[in-house]
Amino acid sequence: MKAPNKVIIQLEHISKTFRTSASLFKKNQKEVIALKQVSLNIYRGEIFGLVGESGSGKTTTGRLIVKLEEPDDGKLLLDGKDITKIKGKALKNFRRKVQMIFQDPYQSLNPYLSVYDSVSEPLVIHNVGNSEIRKDMVRESLNSVGLTPPDDFFYRYPHQMSGGQRQRIAIARAMVLKPEFLVADEPTSMLDASIAIHIFNILSEIQKKLNVTFLFITHSLAAARHLCDRIAVIYKGELVEIGSAEDIIQNPSHPYTRALIDAHPKFRY
C-alpha cells in the first residue's frame, strides 16, 4: 500500500434519499435511503475501491462526487474546498478536474458521434486548444488506452466497435482533459474476463503515468483486490469497513465483508 498523500476528495456525513413519484395506482411516494451519513477520505494518487452489492449506494456515491446528484445533507470537498453547492463557472471548472467512466459504454457514448467527435467533445466544451491541438490530444488519449494507430479509429462509430473498444473510448474521453480525479463505475462488469483484465491494466498504467486518483466502484472484491490500494465496503448505504486491500481480504471485521469473502474463499490465498 502507498503512503497516504494529501486528501483530494472528502465526504463529510453525506446522506441521500430518493423519492419515487406517485402514480395512478400508487398514491403515496416511497422513500429509498441510498446513503446514510457517509464520511470518507480519498488520497491523491491512490486507487480507492468502493465495494458493495447492487443497491448498496456505491453508484450513488460516485454520482454525488462528480455532481450528477446532490446530497440531502453533508459536505463534499475537493482539495479541502467545499464544492457541495457550486454552480456556473465554478462547476464547469470542477468538471475539468473530475470525470466519470460509466458502466455501459454503449449508453454513455452518443451513437451519432464518431470516435474523434466523442473524445474531442470535452475539449470543445471547455474551449481547449484549436483543431490541430485537439487532434493531437485525442491521439494521445486514444494511444493511452491502446487504440493504435489512433487515426484509424477517428471516424468509426460506437456500433462498429467491440464492447472492450467502446469502453476504451469512454476512458479516453474521460481522460482527454487530464483530470485529477476519475470515478470508474463498474467499468468492466459488461465485459468478458479476459477483456476486463486489459481494462484493469489500462487504468493502472494511466494512474501510474499521470498520477490521477481513481474511485473504482465494483461489486467484485476480486477486482478491487487486483486494482486498488484501499477498499471501503458499503452495505445498505453505510460504510461498514475501510482498509488496505490486503487487510480487508485477509482480516475482514464486518459480517457483510466476511460473507462476501466466504462466497469466494480463494480470495484469502
# chains A, B, ... in the order shown; residues from 1 in each chain; ligands from 1
$ residues_around --residues "Gln37 of chain A" --least-positions-apart "3" --cutoff "10 Å" --atoms "only C-alpha atoms" --output "list of chain:residue names"
A:Leu11, A:Glu12, A:His13, A:Ile14, A:Ser15, A:Lys16, A:Leu40, A:Asp73, A:Gly74, A:Gly237, A:Glu238, A:Leu239
$ write_last_selection --atoms "N, CA and C atoms" --output "mmCIF file, in the first residue's frame"
data_model
loop_
_atom_site.group_PDB
_atom_site.id
_atom_site.type_symbol
_atom_site.label_atom_id
_atom_site.label_comp_id
_atom_site.auth_asym_id
_atom_site.auth_seq_id
_atom_site.Cartn_x
_atom_site.Cartn_y
_atom_site.Cartn_z
ATOM 1 N N LEU A 11 -15.692 13.301 1.782
ATOM 2 C CA LEU A 11 -17.127 13.288 2.026
ATOM 3 C C LEU A 11 -17.342 13.417 3.528
ATOM 4 N N GLU A 12 -18.185 14.346 3.924
ATOM 5 C CA GLU A 12 -18.475 14.560 5.342
ATOM 6 C C GLU A 12 -19.966 14.367 5.601
ATOM 7 N N HIS A 13 -20.313 13.244 6.217
ATOM 8 C CA HIS A 13 -21.680 12.967 6.664
ATOM 9 C C HIS A 13 -22.691 13.137 5.527
ATOM 10 N N ILE A 14 -22.391 12.528 4.401
ATOM 11 C CA ILE A 14 -23.249 12.638 3.220
ATOM 12 C C ILE A 14 -24.440 11.692 3.341
ATOM 13 N N SER A 15 -25.623 12.243 3.117
ATOM 14 C CA SER A 15 -26.854 11.442 3.083
ATOM 15 C C SER A 15 -27.613 11.741 1.802
ATOM 16 N N LYS A 16 -28.306 10.711 1.294
ATOM 17 C CA LYS A 16 -29.098 10.888 0.080
ATOM 18 C C LYS A 16 -30.285 9.950 0.114
ATOM 19 N N LEU A 40 -15.805 9.910 4.234
ATOM 20 C CA LEU A 40 -14.769 9.181 3.505
ATOM 21 C C LEU A 40 -13.698 10.146 3.028
ATOM 22 N N ASP A 73 -27.884 16.003 2.735
ATOM 23 C CA ASP A 73 -27.132 16.537 3.875
ATOM 24 C C ASP A 73 -25.662 16.208 3.683
ATOM 25 N N GLY A 74 -24.834 16.990 4.378
ATOM 26 C CA GLY A 74 -23.405 16.728 4.351
ATOM 27 C C GLY A 74 -22.656 17.617 3.382
ATOM 28 N N GLY A 237 -26.181 1.546 2.171
ATOM 29 C CA GLY A 237 -25.950 2.975 2.286
ATOM 30 C C GLY A 237 -24.990 3.405 3.370
ATOM 31 N N GLU A 238 -24.358 2.457 4.048
ATOM 32 C CA GLU A 238 -23.421 2.788 5.115
ATOM 33 C C GLU A 238 -22.075 2.121 4.848
ATOM 34 N N LEU A 239 -20.988 2.851 5.130
ATOM 35 C CA LEU A 239 -19.663 2.250 5.045
ATOM 36 C C LEU A 239 -19.442 1.399 6.287
#
$ residues_around --residues "Leu215 of chain A" --least-positions-apart "3" --cutoff "7 Å" --atoms "only C-alpha atoms" --output "ChimeraX atom specification"
/A:47-49,182-184
$ write_last_selection --atoms "all heavy atoms" --output "mmCIF file, in the first residue's frame"
data_model
loop_
_atom_site.group_PDB
_atom_site.id
_atom_site.type_symbol
_atom_site.label_atom_id
_atom_site.label_comp_id
_atom_site.auth_asym_id
_atom_site.auth_seq_id
_atom_site.Cartn_x
_atom_site.Cartn_y
_atom_site.Cartn_z
ATOM 1 N N ILE A 47 -5.671 4.437 -5.909
ATOM 2 C CA ILE A 47 -6.858 3.823 -6.495
ATOM 3 C C ILE A 47 -7.667 3.281 -5.325
ATOM 4 O O ILE A 47 -7.238 2.369 -4.624
ATOM 5 C CB ILE A 47 -6.514 2.708 -7.491
ATOM 6 C CG1 ILE A 47 -5.649 3.250 -8.628
ATOM 7 C CG2 ILE A 47 -7.797 2.098 -8.058
ATOM 8 C CD1 ILE A 47 -5.267 2.199 -9.664
ATOM 9 N N PHE A 48 -8.813 3.885 -5.107
ATOM 10 C CA PHE A 48 -9.648 3.558 -3.953
ATOM 11 C C PHE A 48 -10.851 2.762 -4.434
ATOM 12 O O PHE A 48 -11.570 3.191 -5.343
ATOM 13 C CB PHE A 48 -10.110 4.842 -3.264
ATOM 14 C CG PHE A 48 -10.837 4.605 -1.972
ATOM 15 C CD1 PHE A 48 -10.152 4.599 -0.779
ATOM 16 C CD2 PHE A 48 -12.207 4.387 -1.956
ATOM 17 C CE1 PHE A 48 -10.824 4.386 0.426
ATOM 18 C CE2 PHE A 48 -12.885 4.166 -0.779
ATOM 19 C CZ PHE A 48 -12.190 4.158 0.422
ATOM 20 N N GLY A 49 -11.060 1.595 -3.849
ATOM 21 C CA GLY A 49 -12.166 0.736 -4.248
ATOM 22 C C GLY A 49 -13.371 0.899 -3.335
ATOM 23 O O GLY A 49 -13.229 0.957 -2.110
ATOM 24 N N LEU A 182 -10.856 10.560 -11.088
ATOM 25 C CA LEU A 182 -11.702 9.823 -12.019
ATOM 26 C C LEU A 182 -12.524 8.782 -11.266
ATOM 27 O O LEU A 182 -11.976 7.977 -10.505
ATOM 28 C CB LEU A 182 -10.831 9.123 -13.064
ATOM 29 C CG LEU A 182 -11.537 8.505 -14.273
ATOM 30 C CD1 LEU A 182 -12.218 9.570 -15.106
ATOM 31 C CD2 LEU A 182 -10.534 7.753 -15.132
ATOM 32 N N VAL A 183 -13.824 8.815 -11.461
ATOM 33 C CA VAL A 183 -14.721 7.797 -10.916
ATOM 34 C C VAL A 183 -14.964 6.756 -12.006
ATOM 35 O O VAL A 183 -15.436 7.094 -13.091
ATOM 36 C CB VAL A 183 -16.055 8.409 -10.464
ATOM 37 C CG1 VAL A 183 -17.019 7.306 -10.014
ATOM 38 C CG2 VAL A 183 -15.829 9.410 -9.336
ATOM 39 N N ALA A 184 -14.634 5.515 -11.732
ATOM 40 C CA ALA A 184 -14.869 4.413 -12.669
ATOM 41 C C ALA A 184 -15.953 3.519 -12.073
ATOM 42 O O ALA A 184 -15.714 2.784 -11.112
ATOM 43 C CB ALA A 184 -13.581 3.618 -12.900
#
$ select_by_dssp --residues "segment 120-153 of chain A" --states "alpha helix (DSSP H)" --output "ChimeraX atom specification"
/A:120-125,131-144
$ write_last_selection --atoms "N, CA and C atoms" --output "tab-separated table (two decimals), in the first residue's frame"
chain	number	residue	atom	x	y	z
A	120	SER	N	-13.16	14.25	-28.47
A	120	SER	CA	-12.79	15.68	-28.50
A	120	SER	C	-13.87	16.58	-27.91
A	121	GLU	N	-15.08	16.06	-27.72
A	121	GLU	CA	-16.18	16.90	-27.24
A	121	GLU	C	-15.86	17.64	-25.94
A	122	PRO	N	-15.24	16.99	-24.93
A	122	PRO	CA	-14.90	17.74	-23.72
A	122	PRO	C	-13.93	18.89	-23.99
A	123	LEU	N	-13.05	18.72	-24.96
A	123	LEU	CA	-12.12	19.80	-25.30
A	123	LEU	C	-12.86	20.99	-25.90
A	124	VAL	N	-13.87	20.69	-26.73
A	124	VAL	CA	-14.68	21.75	-27.33
A	124	VAL	C	-15.49	22.47	-26.25
A	125	ILE	N	-16.11	21.69	-25.36
A	125	ILE	CA	-16.94	22.28	-24.30
A	125	ILE	C	-16.12	23.23	-23.43
A	131	SER	N	-8.13	23.27	-33.49
A	131	SER	CA	-8.45	21.95	-34.07
A	131	SER	C	-7.24	21.04	-34.13
A	132	GLU	N	-6.07	21.58	-34.45
A	132	GLU	CA	-4.87	20.74	-34.54
A	132	GLU	C	-4.41	20.25	-33.18
A	133	ILE	N	-4.47	21.14	-32.20
A	133	ILE	CA	-4.11	20.75	-30.84
A	133	ILE	C	-5.06	19.68	-30.33
A	134	ARG	N	-6.34	19.84	-30.63
A	134	ARG	CA	-7.33	18.85	-30.20
A	134	ARG	C	-7.06	17.50	-30.84
A	135	LYS	N	-6.71	17.48	-32.11
A	135	LYS	CA	-6.39	16.21	-32.76
A	135	LYS	C	-5.23	15.52	-32.06
A	136	ASP	N	-4.21	16.30	-31.72
A	136	ASP	CA	-3.05	15.72	-31.02
A	136	ASP	C	-3.45	15.19	-29.65
A	137	MET	N	-4.32	15.91	-28.95
A	137	MET	CA	-4.75	15.47	-27.63
A	137	MET	C	-5.62	14.22	-27.72
A	138	VAL	N	-6.45	14.13	-28.75
A	138	VAL	CA	-7.26	12.92	-28.95
A	138	VAL	C	-6.35	11.75	-29.29
A	139	ARG	N	-5.36	11.97	-30.15
A	139	ARG	CA	-4.41	10.90	-30.48
A	139	ARG	C	-3.72	10.38	-29.22
A	140	GLU	N	-3.27	11.31	-28.39
A	140	GLU	CA	-2.58	10.92	-27.16
A	140	GLU	C	-3.50	10.10	-26.25
A	141	SER	N	-4.75	10.53	-26.15
A	141	SER	CA	-5.69	9.84	-25.28
A	141	SER	C	-6.03	8.45	-25.81
A	142	LEU	N	-6.23	8.33	-27.12
A	142	LEU	CA	-6.51	7.02	-27.71
A	142	LEU	C	-5.30	6.10	-27.58
A	143	ASN	N	-4.10	6.64	-27.77
A	143	ASN	CA	-2.89	5.85	-27.58
A	143	ASN	C	-2.80	5.30	-26.16
A	144	SER	N	-3.18	6.13	-25.18
A	144	SER	CA	-3.05	5.73	-23.78
A	144	SER	C	-3.96	4.56	-23.41
$ closest_atom_pairs --of "segment 73-119 of chain A" --to "segment 41-44 of chain A" --cutoff "10 Å" --atoms "only C-alpha atoms" --output "Markdown table"
| residue | atom | partner | partner_atom | distance |
| --- | --- | --- | --- | --- |
| A:Leu77 | CA | A:Asn41 | CA | 9.6 |
| A:Leu78 | CA | A:Ile42 | CA | 10.0 |
| A:Asp79 | CA | A:Arg44 | CA | 9.1 |
$ atom_distance --atom1 "atom CA of Arg156 of chain A" --atom2 "atom CA of Ser114 of chain A"
5.5 Å
$ residues_around --residues "Asn110 of chain A" --least-positions-apart "6" --cutoff "12 Å" --atoms "only C-alpha atoms" --output "NGL selection string"
:A and (104 or 116-119 or 121 or 157-159 or 166 or 169-170 or 173)
$ select_by_dssp --residues "segment 19-226 of chain A" --states "strand (DSSP E)" --output "ChimeraX atom specification"
/A:19,31-43,47-51,73-78,81-82,98-101,181-185,213-218
$ atom_distance --atom1 "atom CA of Thr59 of chain A" --atom2 "atom CA of Leu147 of chain A"
27.7 Å
$ residues_around --residues "Ser189 of chain A" --least-positions-apart "2" --cutoff "9 Å" --atoms "only C-alpha atoms" --output "compact mmCIF listing (two decimals) with all heavy atoms, in the first residue's frame"
# COMPACT_ATOMS: atom_id res chain seq x y z
N GLN A 103 -20.71 2.55 -16.48
CA GLN A 103 -20.74 1.09 -16.58
C GLN A 103 -20.96 0.62 -18.01
O GLN A 103 -20.31 -0.32 -18.47
CB GLN A 103 -21.86 0.56 -15.66
CG GLN A 103 -21.98 -0.95 -15.66
CD GLN A 103 -23.04 -1.41 -14.67
OE1 GLN A 103 -23.70 -0.59 -14.02
NE2 GLN A 103 -23.22 -2.70 -14.56
N ASP A 104 -21.86 1.26 -18.72
CA ASP A 104 -22.23 0.81 -20.06
C ASP A 104 -21.74 1.82 -21.09
O ASP A 104 -22.36 2.87 -21.27
CB ASP A 104 -23.75 0.66 -20.16
CG ASP A 104 -24.20 0.10 -21.50
OD1 ASP A 104 -23.35 -0.06 -22.40
OD2 ASP A 104 -25.40 -0.20 -21.65
N GLU A 186 -18.00 0.50 -12.14
CA GLU A 186 -18.08 -0.86 -12.67
C GLU A 186 -17.71 -0.90 -14.16
O GLU A 186 -18.50 -1.38 -14.98
CB GLU A 186 -19.48 -1.45 -12.44
CG GLU A 186 -19.86 -1.45 -10.98
CD GLU A 186 -20.60 -2.71 -10.56
OE1 GLU A 186 -20.17 -3.81 -10.96
OE2 GLU A 186 -21.59 -2.60 -9.85
N PRO A 187 -16.53 -0.42 -14.53
CA PRO A 187 -16.20 -0.25 -15.95
C PRO A 187 -16.00 -1.56 -16.71
O PRO A 187 -15.92 -1.54 -17.93
CB PRO A 187 -14.90 0.56 -15.92
CG PRO A 187 -14.27 0.18 -14.61
CD PRO A 187 -15.42 0.01 -13.66
N LEU A 191 -18.10 -6.78 -19.55
CA LEU A 191 -17.06 -7.31 -20.43
C LEU A 191 -16.64 -8.71 -20.01
O LEU A 191 -16.76 -9.09 -18.84
CB LEU A 191 -15.84 -6.39 -20.41
CG LEU A 191 -16.07 -4.92 -20.79
CD1 LEU A 191 -14.79 -4.12 -20.60
CD2 LEU A 191 -16.59 -4.80 -22.21
N ASP A 192 -16.15 -9.48 -20.97
CA ASP A 192 -15.58 -10.79 -20.66
C ASP A 192 -14.37 -10.61 -19.75
O ASP A 192 -13.70 -9.57 -19.76
CB ASP A 192 -15.14 -11.50 -21.94
CG ASP A 192 -16.32 -11.88 -22.82
OD1 ASP A 192 -17.44 -11.95 -22.29
OD2 ASP A 192 -16.11 -12.09 -24.03
N ALA A 193 -14.05 -11.67 -18.99
CA ALA A 193 -12.96 -11.59 -18.01
C ALA A 193 -11.63 -11.22 -18.65
O ALA A 193 -10.86 -10.42 -18.10
CB ALA A 193 -12.85 -12.91 -17.27
N ALA A 196 -11.68 -7.63 -19.42
CA ALA A 196 -11.66 -6.86 -18.17
C ALA A 196 -10.24 -6.69 -17.65
O ALA A 196 -9.87 -5.61 -17.17
CB ALA A 196 -12.53 -7.56 -17.12
N THR A 218 -17.20 -1.18 -7.65
CA THR A 218 -17.35 -2.55 -8.14
C THR A 218 -18.15 -3.38 -7.14
O THR A 218 -18.24 -3.06 -5.95
CB THR A 218 -15.97 -3.20 -8.37
OG1 THR A 218 -16.13 -4.52 -8.86
CG2 THR A 218 -15.15 -3.24 -7.09
N HIS A 219 -18.75 -4.45 -7.64
CA HIS A 219 -19.39 -5.43 -6.76
C HIS A 219 -18.43 -6.58 -6.46
O HIS A 219 -18.74 -7.46 -5.66
CB HIS A 219 -20.65 -6.00 -7.42
CG HIS A 219 -20.35 -6.80 -8.66
ND1 HIS A 219 -20.15 -6.21 -9.89
CD2 HIS A 219 -20.19 -8.14 -8.85
CE1 HIS A 219 -19.89 -7.16 -10.77
NE2 HIS A 219 -19.90 -8.32 -10.17
$ closest_residue --among "A:Tyr256, A:Tyr155, A:Phe181, A:Phe216" --to "Cys228 of chain A" --atoms "only C-alpha atoms"
A:Phe216
$ atom_distance --atom1 "atom CA of Ala263 of chain A" --atom2 "atom CA of Lys36 of chain A"
26.2 Å
$ residues_around --residues "segment 252-255 of chain A" --least-positions-apart "6" --cutoff "12 Å" --atoms "only C-alpha atoms" --output "list in words"
Leu221, Ile231, Ala232, Val233, Ile234, Tyr235, Leu239, Val240, Glu241, Ile242, Gly243, Ser244, Ala245, Glu246, Ile261, Asp262, Phe267 and Arg268 of chain A
